[in-house]
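Asks: Dropping in final_16.csv, which is CSV, C-alpha atoms and all ligand atoms:
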chain,number,residue,atom,x,y,z
Y,26,MET,CA,217.0,90.5,86.0
Y,27,GLU,CA,214.5,90.9,88.8
Y,28,ASN,CA,213.7,88.2,91.3
Y,29,ASN,CA,210.0,88.5,91.5
Y,30,LEU,CA,208.3,86.5,88.7
Y,31,LEU,CA,205.4,87.2,86.4
Y,32,PHE,CA,202.8,84.5,85.8
Y,33,ILE,CA,200.2,85.1,83.1
Y,34,ALA,CA,197.1,83.0,82.7
Y,35,ASN,CA,195.9,82.8,79.0
Y,36,TRP,CA,192.4,81.4,79.2
Y,37,LYS,CA,192.1,81.4,75.4
Y,38,MET,CA,188.4,80.8,74.3
Y,39,ASN,CA,187.4,79.1,77.5
Y,40,ASN,CA,185.2,80.0,80.4
Y,41,ALA,CA,181.9,81.9,80.6
Y,42,TYR,CA,180.4,84.1,83.4
Y,43,ALA,CA,179.6,81.3,85.8
Y,44,ASP,CA,182.9,79.6,85.2
Y,45,LEU,CA,184.8,82.7,86.2
Y,46,VAL,CA,182.8,83.1,89.4
Y,47,SER,CA,183.4,79.5,90.4
Y,48,TYR,CA,187.1,79.8,89.4
Y,49,PHE,CA,187.7,82.8,91.8
Y,50,ASN,CA,185.6,81.2,94.5
Y,51,ILE,CA,188.4,78.6,94.6
Y,52,PHE,CA,191.4,80.7,93.6
Y,53,LEU,CA,191.0,83.8,95.8
Y,54,PRO,CA,190.9,81.9,99.2
Y,55,LEU,CA,194.0,80.0,98.2
Y,56,TYR,CA,195.7,83.2,97.0
Y,57,ASN,CA,194.9,85.0,100.3
Y,58,GLN,CA,196.1,82.0,102.3
Y,59,THR,CA,199.4,81.5,100.4
Y,60,LYS,CA,200.1,85.2,99.6
Y,61,PRO,CA,202.3,84.7,96.5
Y,62,VAL,CA,205.1,87.2,96.1
Y,63,ASN,CA,204.9,87.0,92.3
Y,64,ASP,CA,202.9,89.1,89.9
Y,65,VAL,CA,199.9,87.5,88.4
Y,66,VAL,CA,197.9,88.5,85.3
Y,67,PHE,CA,194.7,86.9,84.0
Y,68,LEU,CA,193.7,87.1,80.4
Y,69,PRO,CA,190.1,86.0,80.1
Y,70,PRO,CA,187.9,86.3,77.0
Y,71,PHE,CA,186.7,89.9,76.3
Y,72,THR,CA,183.2,89.2,77.6
Y,73,LEU,CA,184.6,88.6,81.1
Y,74,LEU,CA,186.8,91.7,81.5
Y,75,TYR,CA,184.3,93.9,83.3
Y,76,LEU,CA,183.4,91.0,85.6
Y,77,ILE,CA,187.0,90.2,86.4
Y,78,LYS,CA,187.5,93.9,87.2
Y,79,GLU,CA,184.7,93.7,89.8
Y,80,ILE,CA,186.1,90.5,91.3
Y,81,LEU,CA,189.8,91.5,91.4
Y,82,LYS,CA,189.7,95.2,91.9
Y,83,ALA,CA,190.5,95.0,95.6
Y,84,THR,CA,193.4,92.6,95.1
Y,85,ASN,CA,197.0,92.8,93.8
Y,86,LEU,CA,196.0,90.6,90.9
Y,87,LYS,CA,196.0,92.1,87.4
Y,88,TRP,CA,194.1,91.3,84.2
Y,89,GLY,CA,194.2,92.1,80.5
Y,90,ALA,CA,192.9,91.2,77.1
Y,91,GLN,CA,194.0,88.4,74.7
Y,92,ASN,CA,193.8,90.7,71.7
Y,93,PHE,CA,192.6,94.1,70.4
Y,94,TYR,CA,192.6,96.1,67.2
Y,95,TYR,CA,195.1,98.9,66.6
Y,96,GLU,CA,192.8,101.5,65.1
Y,97,SER,CA,191.3,103.9,67.6
Y,98,LYS,CA,187.6,103.6,66.6
Y,99,GLY,CA,185.3,103.4,63.6
Y,100,ALA,CA,183.9,101.0,61.1
Y,101,PHE,CA,185.7,97.8,62.2
Y,102,THR,CA,182.8,95.5,62.9
Y,103,GLY,CA,183.6,93.0,65.6
Y,104,GLU,CA,186.8,94.6,66.8
Y,105,ILE,CA,187.7,95.9,70.2
Y,106,SER,CA,189.9,99.0,70.6
Y,107,ALA,CA,192.7,99.7,73.1
Y,108,LEU,CA,190.6,102.3,74.8
Y,109,MET,CA,187.8,99.8,75.3
Y,110,ILE,CA,190.3,97.5,76.9
Y,111,LYS,CA,191.5,100.2,79.2
Y,112,ASP,CA,187.9,100.9,80.2
Y,113,THR,CA,187.8,97.4,81.7
Y,114,GLY,CA,190.8,98.2,84.0
Y,115,SER,CA,193.1,96.0,81.9
Y,116,THR,CA,196.8,96.7,82.4
Y,117,TYR,CA,198.1,94.1,79.9
Y,118,VAL,CA,197.3,92.9,76.4
Y,119,LEU,CA,198.6,89.8,74.6
Y,120,ILE,CA,199.9,90.4,71.1
Y,121,GLY,CA,201.0,88.0,68.4
Y,122,HIS,CA,200.1,84.7,70.0
Y,123,SER,CA,201.0,81.9,67.6
Y,124,GLU,CA,197.3,80.9,67.4
Y,125,ARG,CA,196.5,84.5,66.2
Y,126,ARG,CA,199.5,84.3,63.7
Y,127,LYS,CA,198.2,80.9,62.5
Y,128,TYR,CA,194.4,81.2,62.4
Y,129,PHE,CA,193.9,84.9,62.0
Y,130,LYS,CA,197.0,85.6,59.8
Y,131,GLU,CA,198.5,88.2,62.0
Y,132,ASN,CA,201.8,89.2,60.4
Y,133,SER,CA,204.7,91.3,61.6
Y,134,GLN,CA,203.1,94.6,60.4
Y,135,ILE,CA,199.9,93.9,62.3
Y,136,ILE,CA,201.9,92.9,65.4
Y,137,ALA,CA,204.0,96.1,65.2
Y,138,ASN,CA,200.9,98.3,64.8
Y,139,LYS,CA,199.3,96.7,67.8
Y,140,LEU,CA,202.5,97.1,69.8
Y,141,HIS,CA,202.7,100.8,68.9
Y,142,LYS,CA,199.0,101.3,69.9
Y,143,ALA,CA,199.5,99.4,73.2
Y,144,PHE,CA,202.5,101.5,74.2
Y,145,SER,CA,200.7,104.7,73.1
Y,146,GLU,CA,197.8,103.9,75.4
Y,147,ASN,CA,199.9,102.8,78.3
Y,148,ILE,CA,198.9,99.1,78.1
Y,149,ILE,CA,201.7,96.7,78.8
Y,150,PRO,CA,202.2,94.4,75.8
Y,151,ILE,CA,202.9,90.7,76.2
Y,152,VAL,CA,204.2,89.9,72.7
Y,153,CYS,CA,204.8,86.3,71.7
Y,154,VAL,CA,207.6,84.9,69.6
Y,155,GLY,CA,208.6,81.3,68.9
Y,156,GLU,CA,209.6,78.8,66.2
Y,157,THR,CA,207.6,75.9,64.7
Y,158,LEU,CA,208.9,72.3,65.0
Y,159,GLU,CA,210.0,72.3,61.4
Y,160,GLU,CA,211.9,75.5,61.9
Y,161,ARG,CA,213.6,74.1,65.0
Y,162,LYS,CA,214.4,70.8,63.2
Y,163,SER,CA,216.0,72.6,60.3
Y,164,GLY,CA,218.2,74.7,62.6
Y,165,LYS,CA,216.3,78.0,62.0
Y,166,THR,CA,215.2,78.8,65.6
Y,167,PHE,CA,217.5,81.8,66.1
Y,168,SER,CA,216.9,83.3,62.6
Y,169,VAL,CA,213.1,82.9,63.1
Y,170,LEU,CA,213.4,84.6,66.6
Y,171,ALA,CA,215.6,87.4,65.1
Y,172,ASN,CA,213.0,88.0,62.3
Y,173,GLN,CA,210.1,88.1,64.7
Y,174,MET,CA,212.0,90.4,67.1
Y,175,LYS,CA,213.0,92.9,64.4
Y,176,PRO,CA,209.6,94.7,64.1
Y,177,ILE,CA,209.2,94.5,67.9
Y,178,LEU,CA,212.5,96.2,68.5
Y,179,LYS,CA,211.9,98.8,65.8
Y,180,THR,CA,208.6,99.7,67.5
Y,181,TYR,CA,210.0,99.5,71.0
Y,182,GLN,CA,212.7,102.0,70.1
Y,183,ASN,CA,210.1,104.8,70.3
Y,184,PHE,CA,208.9,103.7,73.7
Y,185,ILE,CA,212.1,102.8,75.6
Y,186,ASN,CA,210.7,103.9,79.0
Y,187,LYS,CA,207.7,101.6,78.8
Y,188,GLU,CA,207.5,98.1,80.1
Y,189,ILE,CA,207.5,95.2,77.6
Y,190,VAL,CA,207.0,91.5,78.1
Y,191,VAL,CA,208.2,89.1,75.5
Y,192,ALA,CA,206.8,85.6,75.7
Y,193,TYR,CA,209.1,82.9,74.2
Y,194,GLU,CA,206.6,80.2,73.1
Y,195,PRO,CA,208.0,77.5,70.9
Y,196,VAL,CA,204.9,76.7,68.8
Y,197,TRP,CA,205.5,72.9,69.2
Y,198,ALA,CA,205.3,73.2,73.0
Y,199,ILE,CA,201.9,75.0,73.1
Y,200,GLY,CA,199.1,72.7,74.2
Y,201,THR,CA,201.1,69.6,73.4
Y,202,GLY,CA,202.3,68.5,76.8
Y,203,VAL,CA,205.8,68.7,75.5
Y,204,ASN,CA,208.1,71.3,77.2
Y,205,ALA,CA,211.1,72.8,75.6
Y,206,THR,CA,214.2,71.5,77.5
Y,207,ILE,CA,215.8,73.7,80.1
Y,208,GLU,CA,218.8,74.1,77.8
Y,209,GLU,CA,216.5,75.1,74.8
Y,210,ILE,CA,214.7,77.7,77.0
Y,211,LYS,CA,218.0,79.1,78.3
Y,212,GLU,CA,219.4,79.4,74.8
Y,213,SER,CA,216.4,81.1,73.3
Y,214,HIS,CA,215.8,83.5,76.2
Y,215,SER,CA,219.5,84.4,76.2
Y,216,PHE,CA,219.3,85.0,72.5
Y,217,ILE,CA,216.2,87.2,72.8
Y,218,LEU,CA,217.8,89.2,75.7
Y,219,SER,CA,221.0,89.7,73.6
Y,220,LEU,CA,218.9,91.2,70.8
Y,221,PHE,CA,217.6,93.8,73.3
Y,222,LEU,CA,221.0,94.4,74.8
Y,223,LYS,CA,222.6,95.0,71.5
Y,224,GLN,CA,220.5,98.2,71.2
Y,225,SER,CA,222.4,101.1,72.9
Y,226,TRP,CA,219.1,102.6,74.0
Y,227,VAL,CA,217.7,99.7,75.9
Y,228,ASN,CA,217.0,99.8,79.7
Y,229,ASP,CA,216.8,96.2,80.7
Y,230,SER,CA,214.8,96.9,83.8
Y,231,ASN,CA,211.8,97.5,81.6
Y,232,ILE,CA,212.1,94.1,79.9
Y,233,LYS,CA,210.7,90.8,80.9
Y,234,ILE,CA,211.1,87.5,79.0
Y,235,VAL,CA,208.7,84.8,80.0
Y,236,TYR,CA,208.4,81.2,78.8
Y,237,GLY,CA,205.2,79.5,77.6
Y,238,GLY,CA,204.5,76.0,76.4
Y,239,SER,CA,202.8,73.2,78.4
Y,240,ILE,CA,203.7,74.7,81.7
Y,241,ASP,CA,202.6,72.9,84.9
Y,242,SER,CA,203.5,73.2,88.6
Y,243,LYS,CA,206.1,70.4,88.4
Y,244,ILE,CA,208.2,71.9,85.6
Y,245,THR,CA,207.9,75.6,86.7
Y,246,PRO,CA,210.6,75.6,89.4
Y,247,ALA,CA,213.3,74.3,87.0
Y,248,ILE,CA,212.3,76.8,84.3
Y,249,VAL,CA,212.3,79.9,86.6
Y,250,SER,CA,215.6,78.9,88.2
Y,251,LEU,CA,217.1,80.2,85.0
Y,252,ASP,CA,218.0,83.9,85.5
Y,253,VAL,CA,217.1,84.7,81.9
Y,254,VAL,CA,213.5,83.7,82.6
Y,255,ASN,CA,211.2,86.2,84.3
Y,256,GLY,CA,208.1,84.1,84.6
Y,257,CYS,CA,205.7,82.0,82.5
Y,258,LEU,CA,202.7,82.3,80.2
Y,259,VAL,CA,200.4,79.5,81.1
Y,260,GLY,CA,197.5,78.2,78.9
Y,261,GLY,CA,195.8,74.9,79.9
Y,262,ALA,CA,197.1,74.7,83.5
Y,263,SER,CA,195.8,78.2,84.2
Y,264,LEU,CA,192.2,77.0,83.8
Y,265,LYS,CA,192.6,74.9,86.9
Y,266,PRO,CA,192.7,77.2,90.0
Y,267,GLU,CA,194.3,74.5,92.3
Y,268,GLU,CA,197.1,74.0,89.7
Y,269,PHE,CA,197.6,77.6,88.8
Y,270,ILE,CA,197.9,78.7,92.5
Y,271,LYS,CA,200.8,76.2,92.8
Y,272,ILE,CA,202.5,77.7,89.7
Y,273,VAL,CA,202.1,81.3,90.9
Y,274,ASN,CA,203.6,80.3,94.3
Y,275,THR,CA,206.8,79.1,92.7
Y,276,ILE,CA,209.9,80.8,94.1
Y,277,ARG,CA,213.1,81.3,92.0
Y,278,SER,CA,215.8,79.1,93.6
P,301,LIG,C1,199.6,79.5,75.5
P,301,LIG,O1,198.4,79.5,75.2
P,301,LIG,O2,200.3,80.5,75.4
P,301,LIG,C2,200.2,78.3,76.1
P,301,LIG,C3,201.4,78.3,76.5
P,301,LIG,O3,199.3,77.2,76.3
P,301,LIG,P1,199.7,75.8,77.1
P,301,LIG,O4,200.2,76.2,78.4
P,301,LIG,O5,198.4,75.1,77.2
P,301,LIG,O6,200.7,75.1,76.3
Will you turn the file into structure tokens for me?
Ligand code: PEP
Replies:
Amino acid sequence: MENNLLFIANWKMNNAYADLVSYFNIFLPLYNQTKPVNDVVFLPPFTLLYLIKEILKATNLKWGAQNFYYESKGAFTGEISALMIKDTGSTYVLIGHSERRKYFKENSQIIANKLHKAFSENIIPIVCVGETLEERKSGKTFSVLANQMKPILKTYQNFINKEIVVAYEPVWAIGTGVNATIEEIKESHSFILSLFLKQSWVNDSNIKIVYGGSIDSKITPAIVSLDVVNGCLVGGASLKPEEFIKIVNTIRS
């Protein structure tokens, strides 16, 4: 797997216009000063996508949406299409975050439809998988991951030349301050990678597997020292520019 890492900031339902401006007033000087070699993607709320485009367009930083709807257009009140996201200069979209699976009842079919649409519109999907605490405790982690990966692999089979990012996010580690152990991360990432590599058609240079779950700048070096980890999906810590810049400056040892 490649050496440069991918760090993704999932801002969730946080930050309004003025917050984004003050965030980048702090983040951009630090970014220009420290010149991180890693790839960085911001996922702000929909309402800030045009503003982030204006602020980041002259930088190497990328941005994307936290969600979209898979139909092209029409009577879907309140939804945002892939083309609308592309209009904002987004290169990435998050799909199947556990909060969307839980609160908005996104199932495997919806996730596969979104994945299909993202690939068709040349938006790089960041698709999330991960087990709950109960599933882990009852020894079902690998079967849960295998089930979640099935529709993803089936869809990806039609788009093998496209980039895909899979985020392994154990649900019990999201927003809890509890990280998975290095051993647990290694096992799960290796398992997800093996599911890809079992497919004769896979080109592994198009695949990235990132870890998410209570990431901070202290734990990041140990996590990205694993060669099966291509970066991190960061929630809470990405809201603090001084902390996030430390994370994106992490070098794989
Ligand atoms: C997330 O939202 O995907 C996430 C990993 O959040 P946190 O870093 O806050 O646990």
Asks: When you draw a straight line from atom CA of Y:Val249 to atom CA of Y:Val203, how long is it in Å?
Replies: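 We find that atom CA of Y:Val249 and atom CA of Y:Val203 lie 17.1 Å from each other.
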Asks: Rounded to one decimal place, report the atom CA of Y:Ile210-atom CA of Y:Ser263 distance in Å.
Replies: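 If I compute the distance from atom CA of Y:Ile210 to atom CA of Y:Ser263, I get 20.2 Å.
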Asks: Got a sec to check which residues lie within 7 Å of ligand LIG 301 (chain P), using all atoms listed in the file, and send them as a PDB file with C-alpha atoms, in the frame of the given file?
Replies:
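Dumped to result.pdb:
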ATOM      1  CA  ASN Y  35     195.900  82.800  79.000  1.00  0.00           C
ATOM      2  CA  LYS Y  37     192.100  81.400  75.400  1.00  0.00           C
ATOM      3  CA  HIS Y 122     200.100  84.700  70.000  1.00  0.00           C
ATOM      4  CA  GLU Y 194     206.600  80.200  73.100  1.00  0.00           C
ATOM      5  CA  ALA Y 198     205.300  73.200  73.000  1.00  0.00           C
ATOM      6  CA  ILE Y 199     201.900  75.000  73.100  1.00  0.00           C
ATOM      7  CA  GLY Y 200     199.100  72.700  74.200  1.00  0.00           C
ATOM      8  CA  THR Y 201     201.100  69.600  73.400  1.00  0.00           C
ATOM      9  CA  GLY Y 202     202.300  68.500  76.800  1.00  0.00           C
ATOM     10  CA  GLY Y 237     205.200  79.500  77.600  1.00  0.00           C
ATOM     11  CA  GLY Y 238     204.500  76.000  76.400  1.00  0.00           C
ATOM     12  CA  SER Y 239     202.800  73.200  78.400  1.00  0.00           C
ATOM     13  CA  ILE Y 240     203.700  74.700  81.700  1.00  0.00           C
ATOM     14  CA  LEU Y 258     202.700  82.300  80.200  1.00  0.00           C
ATOM     15  CA  VAL Y 259     200.400  79.500  81.100  1.00  0.00           C
ATOM     16  CA  GLY Y 260     197.500  78.200  78.900  1.00  0.00           C
ATOM     17  CA  GLY Y 261     195.800  74.900  79.900  1.00  0.00           C
ATOM     18  CA  ALA Y 262     197.100  74.700  83.500  1.00  0.00           C
TER      19      ALA Y 262
END
Asks: Just to confirm, what's the straight-line distance from atom CA of Y:Lys142 to atom CA of Y:Ala41 in Å (one decimal)?
Replies: 28.0 Å
Asks: Which polymer residues have any atom within 8 Å of an atom of stretch 214-216 of chain Y, counting all atoms listed in the file, with same-chain residues fewer than 3 positions away left out, as a list of chain:residue names?
Replies: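 The contact residues come out as Y:Phe167, Y:Tyr193, Y:Ile210, Y:Lys211, Y:Ser219, Y:Leu220, Y:Ile234, Y:Val253, Y:Val254.
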Asks: Which one is closest to Y:Val169: Y:Phe184, Y:Glu268, Y:Ser213, Y:Pro150? Count only C-alpha atoms.
Replies: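 Using only C-alpha atoms, Y:Val169 sits closest to Y:Ser213.
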Asks: When you count only C-alpha atoms, which of these residues is closest to Y:Ile120: Y:Phe221, Y:Phe52, Y:Trp226, Y:Phe93?
Replies: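 With only C-alpha atoms as the atom set, the closest residue is Y:Phe93.
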Asks: Please, which residues are within 9 Å of (213.2, 98.7, 78.8) by the file's coordinates, counting only C-alpha atoms, and could they come as a ChimeraX atom specification?
Replies: /Y:181,184-189,221,226-233
Asks: When distances are computed from all atoms listed in the file, which of Y:Thr206, Y:Thr166, Y:Asn172, Y:Asn92 shows the smallest separation from Y:Ile151?
Replies: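 Using all atoms listed in the file, Y:Ile151 sits closest to Y:Asn92.
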Asks: Select, from Y:Glu159, Y:His141, Y:Glu131, Y:Val152, the residue with the minimum atom-to-atom distance to Y:Val190, counting all atoms listed in the file.
Replies: Y:Val152
Asks: Find the residue from Y:Ala83, Y:Ile276, Y:Val191, Y:Leu158 that sits nearest to Y:Gln173; use only C-alpha atoms when measuring.
Replies: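 Looking at the shortest contact to Y:Gln173, the residue is Y:Val191.
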Asks: Tell me which protein, DNA and RNA residues are within 10 Å of Y:Pro176, counting all atoms listed in the file, leaving out same-chain ones fewer than 2 positions away, and put them as a ChimeraX atom specification.
Replies: /Y:133-138,140,171-174,178-182
Asks: Which residues come within 9 Å of Y:Pro195, counting all atoms listed in the file, excluding same-chain residues fewer than 6 positions away, as an NGL selection string?
Replies: :Y and (123 or 154-158 or 161 or 204-205 or 236-238)
Asks: So which residues touch Y:Leu68 within 10 Å, counting only C-alpha atoms, skipping near sequence neighbours fewer than 3 positions away, as a ChimeraX atom specification?
Replies: /Y:33-37,71,73-74,77,87-92,115,117-119,260,263
Asks: Considering only C-alpha atoms, state which residue in the set Y:Met38, Y:Ile270, Y:Phe101, Y:Ser278 is at the smallest distance from Y:Leu55.
Replies: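 Of the candidates, the smallest distance to Y:Leu55 is held by Y:Ile270.
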Asks: Once you count all atoms listed in the file, which residues end up no further than 12 Å from (191.2, 100.2, 71.9) in the file's frame, shown as a PyMOL selection string?
Replies: chain Y and resi 90+92-99+101+104-113+115+118+139-148
Asks: Starting from the incomplete input, reconstruct N, CA and C atoms of stretch 93-107 of chain Y and report them as a PDB file, in the coordinates of the input.
Replies:
ATOM      1  N   PHE Y  93     193.378  92.863  70.645  1.00  0.00           N
ATOM      2  CA  PHE Y  93     192.600  94.100  70.400  1.00  0.00           C
ATOM      3  C   PHE Y  93     192.950  94.505  68.956  1.00  0.00           C
ATOM      4  N   TYR Y  94     192.274  95.573  68.485  1.00  0.00           N
ATOM      5  CA  TYR Y  94     192.600  96.100  67.200  1.00  0.00           C
ATOM      6  C   TYR Y  94     193.304  97.431  67.309  1.00  0.00           C
ATOM      7  N   TYR Y  95     194.256  97.708  66.394  1.00  0.00           N
ATOM      8  CA  TYR Y  95     195.100  98.900  66.600  1.00  0.00           C
ATOM      9  C   TYR Y  95     194.521 100.207  66.199  1.00  0.00           C
ATOM     10  N   GLU Y  96     193.395 100.208  65.443  1.00  0.00           N
ATOM     11  CA  GLU Y  96     192.800 101.500  65.100  1.00  0.00           C
ATOM     12  C   GLU Y  96     192.045 102.031  66.338  1.00  0.00           C
ATOM     13  N   SER Y  97     191.877 103.362  66.413  1.00  0.00           N
ATOM     14  CA  SER Y  97     191.300 103.900  67.600  1.00  0.00           C
ATOM     15  C   SER Y  97     189.783 103.705  67.709  1.00  0.00           C
ATOM     16  N   LYS Y  98     189.066 103.888  66.569  1.00  0.00           N
ATOM     17  CA  LYS Y  98     187.600 103.600  66.600  1.00  0.00           C
ATOM     18  C   LYS Y  98     187.134 103.646  65.119  1.00  0.00           C
ATOM     19  N   GLY Y  99     185.868 103.309  64.918  1.00  0.00           N
ATOM     20  CA  GLY Y  99     185.300 103.400  63.600  1.00  0.00           C
ATOM     21  C   GLY Y  99     184.685 102.168  63.050  1.00  0.00           C
ATOM     22  N   ALA Y 100     184.630 102.081  61.731  1.00  0.00           N
ATOM     23  CA  ALA Y 100     183.900 101.000  61.100  1.00  0.00           C
ATOM     24  C   ALA Y 100     184.769  99.738  60.964  1.00  0.00           C
ATOM     25  N   PHE Y 101     184.932  99.084  62.107  1.00  0.00           N
ATOM     26  CA  PHE Y 101     185.700  97.800  62.200  1.00  0.00           C
ATOM     27  C   PHE Y 101     184.889  96.809  62.919  1.00  0.00           C
ATOM     28  N   THR Y 102     183.821  96.390  62.273  1.00  0.00           N
ATOM     29  CA  THR Y 102     182.800  95.500  62.900  1.00  0.00           C
ATOM     30  C   THR Y 102     183.470  94.309  63.600  1.00  0.00           C
ATOM     31  N   GLY Y 103     183.093  94.134  64.839  1.00  0.00           N
ATOM     32  CA  GLY Y 103     183.600  93.000  65.600  1.00  0.00           C
ATOM     33  C   GLY Y 103     184.882  93.173  66.293  1.00  0.00           C
ATOM     34  N   GLU Y 104     185.482  94.350  66.120  1.00  0.00           N
ATOM     35  CA  GLU Y 104     186.800  94.600  66.800  1.00  0.00           C
ATOM     36  C   GLU Y 104     186.644  95.331  68.086  1.00  0.00           C
ATOM     37  N   ILE Y 105     187.689  95.291  68.886  1.00  0.00           N
ATOM     38  CA  ILE Y 105     187.700  95.900  70.200  1.00  0.00           C
ATOM     39  C   ILE Y 105     188.965  96.826  70.240  1.00  0.00           C
ATOM     40  N   SER Y 106     188.802  98.073  70.664  1.00  0.00           N
ATOM     41  CA  SER Y 106     189.900  99.000  70.600  1.00  0.00           C
ATOM     42  C   SER Y 106     190.735  98.982  71.938  1.00  0.00           C
ATOM     43  N   ALA Y 107     191.893  99.639  71.898  1.00  0.00           N
ATOM     44  CA  ALA Y 107     192.700  99.700  73.100  1.00  0.00           C
ATOM     45  C   ALA Y 107     192.002 100.502  74.203  1.00  0.00           C
TER      46      ALA Y 107
END
